[in-house]
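What follows is the content of protein35.txt, which has compact mmCIF, C-alpha atoms and all ligand atoms:
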```
# COMPACT_ATOMS: atom_id res chain seq x y z
CA GLY A 1 0.00 0.00 0.00
CA GLY A 2 1.01 3.61 -0.56
CA ALA A 3 1.16 4.75 3.07
CA GLU A 4 3.24 1.77 4.13
CA TYR A 5 5.62 2.33 1.23
CA LEU A 6 6.03 5.96 2.22
CA PHE A 7 6.73 5.05 5.84
CA VAL A 8 9.49 2.63 4.80
CA ILE A 9 11.05 5.21 2.44
CA GLU A 10 10.90 7.98 5.02
CA GLU A 11 12.41 5.83 7.79
CA SER A 12 15.17 4.73 5.46
CA LEU A 13 15.95 8.31 4.37
CA LYS A 14 15.90 9.47 7.99
CA GLU A 15 18.44 6.80 8.83
CA LEU A 16 20.54 7.78 5.80
CA ALA A 17 20.55 11.40 7.02
CA GLN A 18 21.65 10.26 10.48
CA LEU A 19 24.45 8.20 8.93
CA ALA A 20 25.60 11.22 6.88
CA ASP A 21 25.61 13.25 10.08
CA THR A 22 27.71 10.57 11.81
CA ALA A 23 30.16 10.72 8.90
CA GLY A 24 30.55 14.47 9.50
CA LEU A 25 28.34 15.78 6.67
CA MET A 26 25.64 18.42 7.00
CA VAL A 27 22.34 17.32 5.46
CA VAL A 28 20.48 20.08 3.59
CA GLY A 29 17.64 18.13 2.03
CA SER A 30 16.27 14.85 0.73
CA THR A 31 13.94 13.67 -1.98
CA HIS A 32 12.51 10.43 -3.35
CA GLN A 33 10.77 9.13 -6.43
CA LYS A 34 8.53 6.17 -7.19
CA LEU A 35 9.50 4.29 -10.34
CA ASN A 36 8.46 0.82 -11.50
CA SER A 37 12.13 -0.02 -11.86
CA PRO A 38 15.32 2.03 -11.45
CA ASN A 39 16.60 3.81 -14.53
CA PRO A 40 19.58 1.67 -15.67
CA ARG A 41 21.58 4.75 -16.69
CA THR A 42 20.95 7.17 -13.81
CA TYR A 43 18.94 5.19 -11.24
CA ILE A 44 16.40 8.06 -11.05
CA GLY A 45 14.46 9.53 -13.99
CA SER A 46 15.72 12.46 -16.07
CA GLY A 47 13.21 14.89 -14.53
CA LYS A 48 14.48 14.03 -11.06
CA VAL A 49 18.08 14.45 -12.23
CA ALA A 50 17.23 17.99 -13.40
CA GLU A 51 15.40 18.76 -10.15
CA ILE A 52 18.36 17.65 -8.02
CA LYS A 53 20.75 19.53 -10.29
CA SER A 54 18.99 22.82 -9.68
CA ALA A 55 18.88 22.12 -5.92
CA ILE A 56 22.63 21.49 -6.02
CA HIS A 57 23.20 24.94 -7.48
CA ALA A 58 20.70 26.67 -5.22
CA LEU A 59 22.06 25.17 -2.00
CA GLY A 60 25.74 24.73 -2.85
CA VAL A 61 25.56 20.97 -2.40
CA GLU A 62 28.87 19.07 -2.44
CA THR A 63 27.70 15.48 -2.07
CA VAL A 64 24.63 13.57 -3.27
CA ILE A 65 24.00 10.27 -1.48
CA PHE A 66 21.71 7.58 -2.88
CA ASP A 67 19.95 5.21 -0.51
CA ASP A 68 20.52 2.17 -2.72
CA GLU A 69 23.65 0.73 -4.21
CA LEU A 70 24.59 2.31 -7.56
CA SER A 71 26.45 0.61 -10.40
CA ALA A 72 29.70 2.03 -11.78
CA GLY A 73 27.82 3.33 -14.81
CA GLN A 74 25.13 5.02 -12.73
CA LEU A 75 27.73 6.70 -10.52
CA ARG A 76 29.55 8.01 -13.59
CA ASN A 77 26.43 9.19 -15.39
CA LEU A 78 25.07 10.97 -12.34
CA GLU A 79 28.35 12.74 -11.66
CA LYS A 80 28.44 13.83 -15.28
CA ALA A 81 24.82 15.02 -15.15
CA PHE A 82 25.24 17.00 -11.94
CA GLY A 83 28.53 18.43 -13.17
CA GLY A 84 31.19 20.40 -11.35
CA ASP A 85 32.84 18.84 -8.33
CA VAL A 86 29.69 17.21 -6.99
CA ARG A 87 30.50 13.85 -5.43
CA VAL A 88 27.93 11.11 -5.90
CA CYS A 89 28.00 8.13 -3.59
CA ASP A 90 25.65 5.45 -2.27
CA ARG A 91 24.60 4.12 1.13
CA THR A 92 27.24 1.38 1.03
CA ALA A 93 30.13 3.81 0.43
CA LEU A 94 28.85 6.10 3.20
CA ILE A 95 28.64 3.24 5.71
CA LEU A 96 32.12 2.08 4.73
CA ASP A 97 33.39 5.61 5.46
CA ILE A 98 31.89 5.45 8.95
CA PHE A 99 33.24 1.98 9.66
CA ASN A 100 36.62 3.18 8.49
CA GLN A 101 36.55 6.14 10.90
CA ARG A 102 35.44 3.93 13.75
CA ALA A 103 37.44 0.71 13.37
CA ALA A 104 39.18 0.53 16.73
CA THR A 105 41.09 -2.72 16.44
CA HIS A 106 43.61 -3.91 13.88
CA GLU A 107 41.29 -6.73 12.92
CA ALA A 108 38.36 -4.36 12.40
CA ALA A 109 40.53 -2.05 10.26
CA LEU A 110 41.56 -4.99 8.07
CA GLN A 111 37.98 -6.19 7.71
CA VAL A 112 36.80 -2.72 6.69
CA ALA A 113 39.69 -2.26 4.22
CA LEU A 114 38.73 -5.59 2.67
CA ALA A 115 35.10 -4.54 2.31
CA GLN A 116 36.20 -1.24 0.74
CA MET A 117 38.35 -3.02 -1.86
CA GLU A 118 35.59 -5.48 -2.70
CA TYR A 119 33.25 -2.53 -3.15
CA GLN A 120 35.75 -0.80 -5.46
CA LEU A 121 36.50 -3.80 -7.66
CA PRO A 122 33.40 -3.69 -9.89
CA ARG A 123 33.49 0.13 -9.95
CA LEU A 124 37.04 0.58 -11.25
CA THR A 125 35.84 1.38 -14.76
CA LYS A 126 34.87 4.85 -13.66
CA MET A 127 38.26 6.48 -13.36
CA TRP A 128 39.76 5.13 -16.59
CA THR A 129 36.88 5.71 -18.96
CA HIS A 130 36.94 9.24 -17.60
CA LEU A 131 40.60 9.61 -18.60
CA GLU A 132 39.88 8.19 -22.00
CA ARG A 133 37.24 10.86 -22.53
CA GLN A 134 39.67 13.58 -21.52
CA ALA A 135 42.22 12.32 -24.05
CA GLY A 136 39.62 12.81 -26.77
CA GLY A 137 39.40 9.16 -27.71
CA GLN A 138 42.98 9.04 -29.08
CA VAL A 139 43.95 6.39 -26.60
CA LYS A 140 40.95 4.18 -27.17
CA GLY A 141 41.47 0.78 -25.61
CA MET A 142 44.19 2.02 -23.30
CA GLY A 143 41.65 2.54 -20.55
CA GLU A 144 40.34 -0.98 -20.85
CA LYS A 145 43.80 -2.49 -20.58
CA GLN A 146 44.53 -0.31 -17.58
CA ILE A 147 41.31 -1.43 -15.89
CA GLU A 148 42.40 -5.05 -16.26
CA VAL A 149 45.79 -4.23 -14.72
CA ASP A 150 44.16 -2.34 -11.85
CA LYS A 151 41.70 -5.12 -11.20
CA ARG A 152 44.55 -7.62 -11.02
CA ILE A 153 46.43 -5.41 -8.54
CA LEU A 154 43.30 -4.97 -6.44
CA ARG A 155 42.59 -8.71 -6.45
CA THR A 156 46.16 -9.39 -5.28
CA GLN A 157 45.73 -6.85 -2.47
CA ILE A 158 42.45 -8.48 -1.48
CA GLY A 159 44.24 -11.83 -1.30
CA VAL A 160 46.99 -10.37 0.91
CA LEU A 161 44.44 -8.75 3.22
CA LYS A 162 42.49 -12.00 3.59
CA LYS A 163 45.67 -13.86 4.61
CA GLU A 164 46.55 -11.14 7.12
CA LEU A 165 43.04 -11.26 8.57
CA GLU A 166 43.32 -15.00 9.00
CA SER A 167 46.57 -14.65 10.88
CA VAL A 168 45.25 -11.83 13.08
CA ARG A 169 42.22 -13.97 13.93
CA LYS A 170 44.45 -16.87 14.89
CA HIS A 171 46.32 -14.67 17.33
CA ARG A 172 43.31 -12.70 18.50
CA LYS A 173 43.28 -14.25 21.96
CA GLN A 174 46.84 -13.08 22.63
CA TYR A 175 46.15 -9.52 21.44
CA ARG A 176 43.06 -9.35 23.61
CA ASN A 177 44.76 -10.38 26.80
CA ARG A 178 47.48 -7.85 26.21
CA ARG A 179 44.96 -5.07 25.63
CA VAL A 180 42.94 -5.75 28.74
CA SER A 181 45.50 -4.62 31.26
CA VAL A 182 43.47 -1.78 32.74
CA PRO A 183 42.00 -2.70 36.13
CA VAL A 184 38.90 -0.59 35.52
CA PRO A 185 35.63 -2.06 34.31
CA VAL A 186 34.76 -1.34 30.70
CA VAL A 187 31.11 -0.66 29.89
CA SER A 188 30.17 -0.82 26.19
CA LEU A 189 27.17 0.93 24.67
CA VAL A 190 25.44 -0.93 21.86
CA GLY A 191 22.28 -0.12 19.96
CA TYR A 192 20.90 1.36 16.80
CA THR A 193 22.31 4.46 15.26
CA ASN A 194 20.31 7.43 16.61
CA ALA A 195 19.34 5.58 19.82
CA GLY A 196 21.20 8.24 21.82
CA LYS A 197 24.46 6.47 22.68
CA SER A 198 26.76 9.42 22.17
CA THR A 199 24.33 11.78 23.91
CA LEU A 200 24.42 9.45 26.92
CA LEU A 201 28.22 9.19 26.74
CA ASN A 202 28.61 12.97 26.68
CA ARG A 203 25.94 13.55 29.32
CA LEU A 204 27.63 11.16 31.76
CA THR A 205 31.15 12.36 31.28
CA GLY A 206 30.71 16.08 30.71
CA ALA A 207 33.77 17.56 29.09
CA THR A 208 36.12 14.79 30.19
CA VAL A 209 38.30 14.16 27.17
CA LEU A 210 40.44 11.11 27.34
CA ALA A 211 43.17 12.33 25.04
CA GLU A 212 44.63 14.09 28.09
CA ASP A 213 44.51 10.97 30.15
CA ARG A 214 47.78 9.15 29.60
CA LEU A 215 46.73 5.93 31.25
CA PHE A 216 43.90 5.44 28.82
CA ALA A 217 45.39 7.12 25.77
CA THR A 218 45.69 3.78 24.01
CA LEU A 219 41.95 3.26 24.12
CA ASP A 220 39.97 4.50 21.17
CA PRO A 221 38.60 8.06 21.06
CA THR A 222 35.01 7.02 21.72
CA THR A 223 35.91 5.86 25.24
CA ARG A 224 35.40 8.09 28.28
CA ARG A 225 35.99 7.71 31.99
CA VAL A 226 32.91 8.00 34.19
CA GLN A 227 33.40 8.88 37.83
CA MET A 228 30.51 7.94 40.11
CA LYS A 229 29.31 9.81 43.16
CA ASN A 230 30.56 7.14 45.57
CA GLY A 231 34.07 7.23 44.08
CA GLY A 232 33.75 4.21 41.83
CA GLU A 233 34.64 4.56 38.18
CA PHE A 234 34.31 2.80 34.87
CA LEU A 235 35.27 3.31 31.24
CA LEU A 236 32.32 3.93 28.97
CA THR A 237 32.80 3.14 25.31
CA ASP A 238 30.56 3.83 22.33
CA THR A 239 30.33 1.39 19.41
CA VAL A 240 29.33 1.79 15.77
CA GLY A 241 25.54 1.84 15.76
CA PHE A 242 23.35 -0.81 14.19
CA ILE A 243 21.82 0.16 10.88
CA GLN A 244 18.32 -0.76 9.76
CA LYS A 245 19.29 -1.19 6.12
CA LEU A 246 22.78 -2.68 6.33
CA PRO A 247 23.89 -3.92 2.88
CA THR A 248 24.67 -7.65 3.17
CA THR A 249 28.16 -7.07 1.77
CA LEU A 250 28.98 -5.05 4.90
CA VAL A 251 27.82 -7.50 7.57
CA ALA A 252 31.30 -8.93 8.17
CA ALA A 253 32.85 -5.45 8.45
CA PHE A 254 30.15 -4.35 10.86
CA ARG A 255 30.64 -7.39 13.08
CA ALA A 256 34.38 -6.75 13.13
CA THR A 257 33.81 -3.23 14.47
CA LEU A 258 31.69 -4.80 17.23
CA GLU A 259 34.17 -7.52 18.14
CA GLU A 260 35.93 -5.37 20.73
CA ILE A 261 32.86 -5.53 22.96
CA SER A 262 33.76 -9.08 23.95
CA GLU A 263 36.33 -7.44 26.25
CA SER A 264 33.68 -5.54 28.19
CA SER A 265 32.62 -6.06 31.79
CA LEU A 266 29.08 -4.97 30.95
CA LEU A 267 27.01 -4.38 27.83
CA VAL A 268 24.50 -1.56 27.90
CA HIS A 269 21.92 -1.88 25.15
CA VAL A 270 20.52 1.59 24.39
CA VAL A 271 17.05 1.62 22.80
CA ASP A 272 15.17 4.57 21.33
CA ILE A 273 11.89 3.56 22.94
CA SER A 274 10.04 6.33 21.07
CA HIS A 275 10.95 4.74 17.73
CA PRO A 276 8.03 3.03 15.95
CA LEU A 277 10.25 0.01 15.24
CA ALA A 278 11.80 -0.19 18.74
CA GLU A 279 10.66 -3.78 19.30
CA GLN A 280 12.16 -5.00 16.00
CA GLN A 281 15.37 -3.09 16.69
CA ILE A 282 15.74 -4.75 20.11
CA GLU A 283 15.31 -8.16 18.52
CA ALA A 284 17.86 -7.43 15.80
CA VAL A 285 20.48 -6.26 18.32
CA ASP A 286 19.86 -9.28 20.56
CA LYS A 287 20.24 -11.58 17.59
CA VAL A 288 23.64 -10.18 16.61
CA LEU A 289 24.79 -10.19 20.26
CA SER A 290 23.83 -13.84 20.56
CA GLU A 291 26.02 -14.59 17.57
CA LEU A 292 29.04 -12.78 19.04
CA ASP A 293 31.22 -14.22 21.77
CA VAL A 294 29.53 -12.24 24.57
CA SER A 295 27.06 -14.58 26.28
CA SER A 296 29.02 -14.50 29.56
CA ILE A 297 28.94 -10.68 29.79
CA PRO A 298 26.17 -9.15 31.95
CA LYS A 299 23.69 -6.93 30.14
CA LEU A 300 21.58 -3.93 30.98
CA MET A 301 18.92 -2.40 28.76
CA ILE A 302 18.24 1.34 28.59
CA TRP A 303 14.97 2.66 27.26
CA ASN A 304 16.06 6.10 26.14
CA LYS A 305 14.01 9.11 24.99
CA VAL A 306 11.16 8.49 27.47
CA ASP A 307 10.56 12.24 27.22
CA LYS A 308 9.47 11.68 23.61
CA VAL A 309 6.86 8.93 24.06
CA CYS A 310 3.21 9.95 24.39
CA ASP A 311 2.62 8.06 27.66
CA PRO A 312 5.88 8.05 29.69
CA GLN A 313 4.17 6.63 32.78
CA LYS A 314 2.97 3.57 30.91
CA VAL A 315 6.42 2.98 29.43
CA LYS A 316 8.06 3.30 32.87
CA LEU A 317 5.61 0.77 34.35
CA GLU A 318 6.33 -1.61 31.49
CA ALA A 319 10.08 -1.24 32.15
CA GLN A 320 9.64 -1.97 35.85
CA LYS A 321 7.94 -5.25 35.00
CA ARG A 322 11.04 -6.41 33.18
CA GLU A 323 14.39 -7.34 34.58
CA ASP A 324 17.42 -5.17 33.86
CA VAL A 325 15.60 -2.33 32.11
CA VAL A 326 16.10 1.32 33.12
CA CYS A 327 14.16 4.25 31.63
CA ILE A 328 16.12 7.42 30.95
CA SER A 329 16.21 10.58 28.92
CA ALA A 330 19.80 11.19 27.91
CA LEU A 331 18.71 14.59 26.64
CA SER A 332 17.12 15.91 29.85
CA GLY A 333 19.27 13.86 32.22
CA ASN A 334 16.24 12.17 33.71
CA GLY A 335 17.01 8.73 35.21
CA LEU A 336 20.80 9.01 34.99
CA ASP A 337 21.33 8.35 38.72
CA GLU A 338 19.22 5.23 38.42
CA PHE A 339 21.26 4.20 35.43
CA CYS A 340 24.54 4.64 37.34
CA SER A 341 23.26 2.60 40.29
CA ALA A 342 22.15 -0.16 37.95
CA VAL A 343 25.56 -0.17 36.26
CA GLN A 344 27.28 -0.38 39.62
CA GLU A 345 25.05 -3.23 40.75
CA LYS A 346 25.83 -5.13 37.55
CA LEU A 347 29.56 -4.48 37.80
CA LYS A 348 29.66 -6.07 41.24
CA ASP A 349 28.86 -9.37 39.59
CA SER A 350 31.38 -8.99 36.83
CA MET A 351 34.51 -7.78 38.65
CA VAL A 352 35.72 -11.32 39.14
CA TRP A 353 35.55 -11.86 35.44
CA VAL A 354 37.59 -8.73 34.66
CA GLU A 355 40.31 -9.54 37.15
CA ALA A 356 40.57 -13.06 35.81
CA LEU A 357 41.38 -11.66 32.38
CA VAL A 358 44.04 -9.19 33.48
CA PRO A 359 47.43 -10.88 33.02
P1 LIG B 401 23.69 7.68 18.56
O1 LIG B 401 23.69 7.54 17.07
O2 LIG B 401 23.14 6.45 19.22
O3 LIG B 401 25.01 8.09 19.12
O4 LIG B 401 22.60 8.83 18.87
P2 LIG B 401 22.85 10.36 19.29
O5 LIG B 401 23.36 10.44 20.68
O6 LIG B 401 23.64 11.01 18.21
O7 LIG B 401 21.35 10.91 19.29
C1 LIG B 401 20.57 10.92 18.12
C2 LIG B 401 19.52 12.01 18.22
O8 LIG B 401 18.59 11.71 19.29
C3 LIG B 401 20.08 13.37 18.56
O9 LIG B 401 19.38 14.32 17.81
C4 LIG B 401 19.83 13.52 20.04
O10 LIG B 401 19.69 14.87 20.42
C5 LIG B 401 18.53 12.78 20.20
N1 LIG B 401 18.36 12.25 21.58
C6 LIG B 401 19.26 11.52 22.28
N2 LIG B 401 18.76 11.21 23.50
C7 LIG B 401 17.51 11.75 23.57
C8 LIG B 401 16.48 11.78 24.59
O11 LIG B 401 16.61 11.25 25.68
N3 LIG B 401 15.33 12.42 24.25
C9 LIG B 401 15.13 13.03 23.05
N4 LIG B 401 13.96 13.64 22.83
N5 LIG B 401 16.08 13.03 22.09
C10 LIG B 401 17.26 12.40 22.34
```
Is it possible to give me this structure as structure tokens?
Amino acid sequence: GGAEYLFVIEESLKELAQLADTAGLMVVGSTHQKLNSPNPRTYIGSGKVAEIKSAIHALGVETVIFDDELSAGQLRNLEKAFGGDVRVCDRTALILDIFNQRAATHEAALQVALAQMEYQLPRLTKMWTHLERQAGGQVKGMGEKQIEVDKRILRTQIGVLKKELESVRKHRKQYRNRRVSVPVPVVSLVGYTNAGKSTLLNRLTGATVLAEDRLFATLDPTTRRVQMKNGGEFLLTDTVGFIQKLPTTLVAAFRATLEEISESSLLVHVVDISHPLAEQQIEAVDKVLSELDVSSIPKLMIWNKVDKVCDPQKVKLEAQKREDVVCISALSGNGLDEFCSAVQEKLKDSMVWVEALVP
């Protein structure tokens, strides 16, 4: 039905905007179009191309992101149509950018690099046919040969990366034990992108920036130290958020960015309880967690954004009925004390586990 279709499109575009924001871009607008099938040359129809082109000029747009994967030809044709220095990319390339920024371990970095190369392989044509055009067709055929050479080089690099990944995986246990030498509990935030993980992280730690903290300088930049009122402390670390529409080609890279959470003392699952798909999102996160090596780690669930639901009292009652669920508003600060107490209570149970891992 039409309404359902619109809801799906709008949710997907909202998520795409959030991902662009995470990647450091400023979103100035979005648009969609209903076609029976994508245009093979430009994905969207020619009228839409013209409409976007005039918006690009009016708003000074630098990047146009498509919510579905584009072929090499579509990327090239769209860039040509929009003209100038406008960069065209798709959801997959954007997500790869984010994973790349956020890969905290060597293994995750390798896995993301591999996914990036595999994404590039079928799209190599772009650069060389472009050069051929510039040369005015005098070097016809040269581009094609060069593409073959480049593809061979890329395939070799992919092979090397795969071998390196294998060897890193074999030695993973050793790396892990060496990394976990900090006698402070590590609490990892997991959840969907936009659930409010970084808002919670910032809210709890104020302006504490870890770069100044020598002891923890080796930890990744999304980790902060939280000092509790009773003097206890823990490290709070943010992870790459789950994505509703994760391209299947990126599943391995995404899991790799999550692998570090198996070193945590506690997993805090942050849920945007005001989201219409909250229930499905919880299930999807639980499913991935059950497939990772984290079953022995205690878990706590946070229902965030209670300020945004229409009946907060009902939601709070529902949370009370369940075990290990705390309602908060990371934005207003409501429920943060309760959250800290719950974390502390959970950490009591897991200290033994942390100390056992420290060499
Ligand atoms: P992350 O992707 O999980 O790190 O999510 P962010 O922390 O970036 O938050 C995503 C959006 O939700 C931001 O616009 C936040 O201001 C908003 N947000 C976060 N927590 C709350 C909350 O408790 N209530 C409301 N109303 N909005 C929130």
Residue list as a ChimeraX atom specification for point (40.9, -4.6, 10.3), cut-off 10 Å, only C-alpha atoms: /A:100,103-115,161,164-165,168,253,256-257
Region 41-55 of chain A surroundings by only C-alpha atoms, 6 Å radius, close-in-sequence under 3 positions cut, as a PyMOL selection string: chain A and resi 38+58-59+74+78+82
Okay, now the selection with C-alpha atoms, as a tab-separated table (two decimals), in the coordinates of the input?
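Output below, filename again33.tsv:
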```
chain	number	residue	atom	x	y	z
A	38	PRO	CA	15.32	2.03	-11.45
A	58	ALA	CA	20.70	26.67	-5.22
A	59	LEU	CA	22.06	25.17	-2.00
A	74	GLN	CA	25.13	5.02	-12.73
A	78	LEU	CA	25.07	10.97	-12.34
A	82	PHE	CA	25.24	17.00	-11.94
```
At most 10 Å from ligand LIG 401 (chain B) (only C-alpha atoms and all ligand atoms): residue list as a count of residues only: 47
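Taking all atoms listed in the file into account, the protein, DNA and RNA residues within 9 Å of (15.6, 9.3, -1.6) read Ile9, Glu10, Ser12, Leu13, Ser30, Thr31, His32, Gln33, Ile65, Phe66, Asp67 and Asp68 of chain A.
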Who sits within 12 Å of Gln157 (chain A), only C-alpha atoms, same chain under 2 positions skipped, as a PyMOL selection string: chain A and resi 110+113-118+121+150-155+159-164
Å distance separating CA of Ala93 (chain A) from CA of Val27 (chain A), one decimal place: 16.4 Å
Best match for closeness to Thr249 (chain A) among A:Leu347, A:Ile95, A:Ile158, A:Val64, counting all atoms listed in the file: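 Looking only at the distances to Thr249 (chain A), the closest residue turns out to be A:Ile95.
Excluding Ser71 (chain A) itself and any same-chain residue fewer than 2 positions from it, the protein and nucleic acid residues within 9 Å of it, counting all atoms listed in the file, are Pro40, Arg41, Tyr43, Glu69, Gly73, Gln74, Leu75, Arg76, Pro122 and Arg123 of chain A.
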Nearby residues (all atoms listed in the file) at most 6 Å from Phe234 (chain A), same-chain spacing under 2 positions excluded, as an MDAnalysis selection string: chainID A and resid 184:186 225:226
Point-to-point distance from CA of Lys14 (chain A) to CA of Asp85 (chain A), Å rounded to tenths: 25.3 Å
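Of the listed residues A:Glu4, A:Glu259, A:Ala20, A:Glu283, the one whose atoms come nearest to Ile98 (chain A) is A:Ala20, with distances taken using all atoms listed in the file.
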Go ahead and fit an axis-aligned box to every listed atom of region 320-329 of chain A plus 4 Å each side, and pass me the centre and edge lengths in Å, one decimal, as lines of an AutoDock Vina configuration file.
```
center_x = 12.7
center_y = 1.6
center_z = 32.4
size_x = 17.5
size_y = 25.9
size_z = 14.9
```
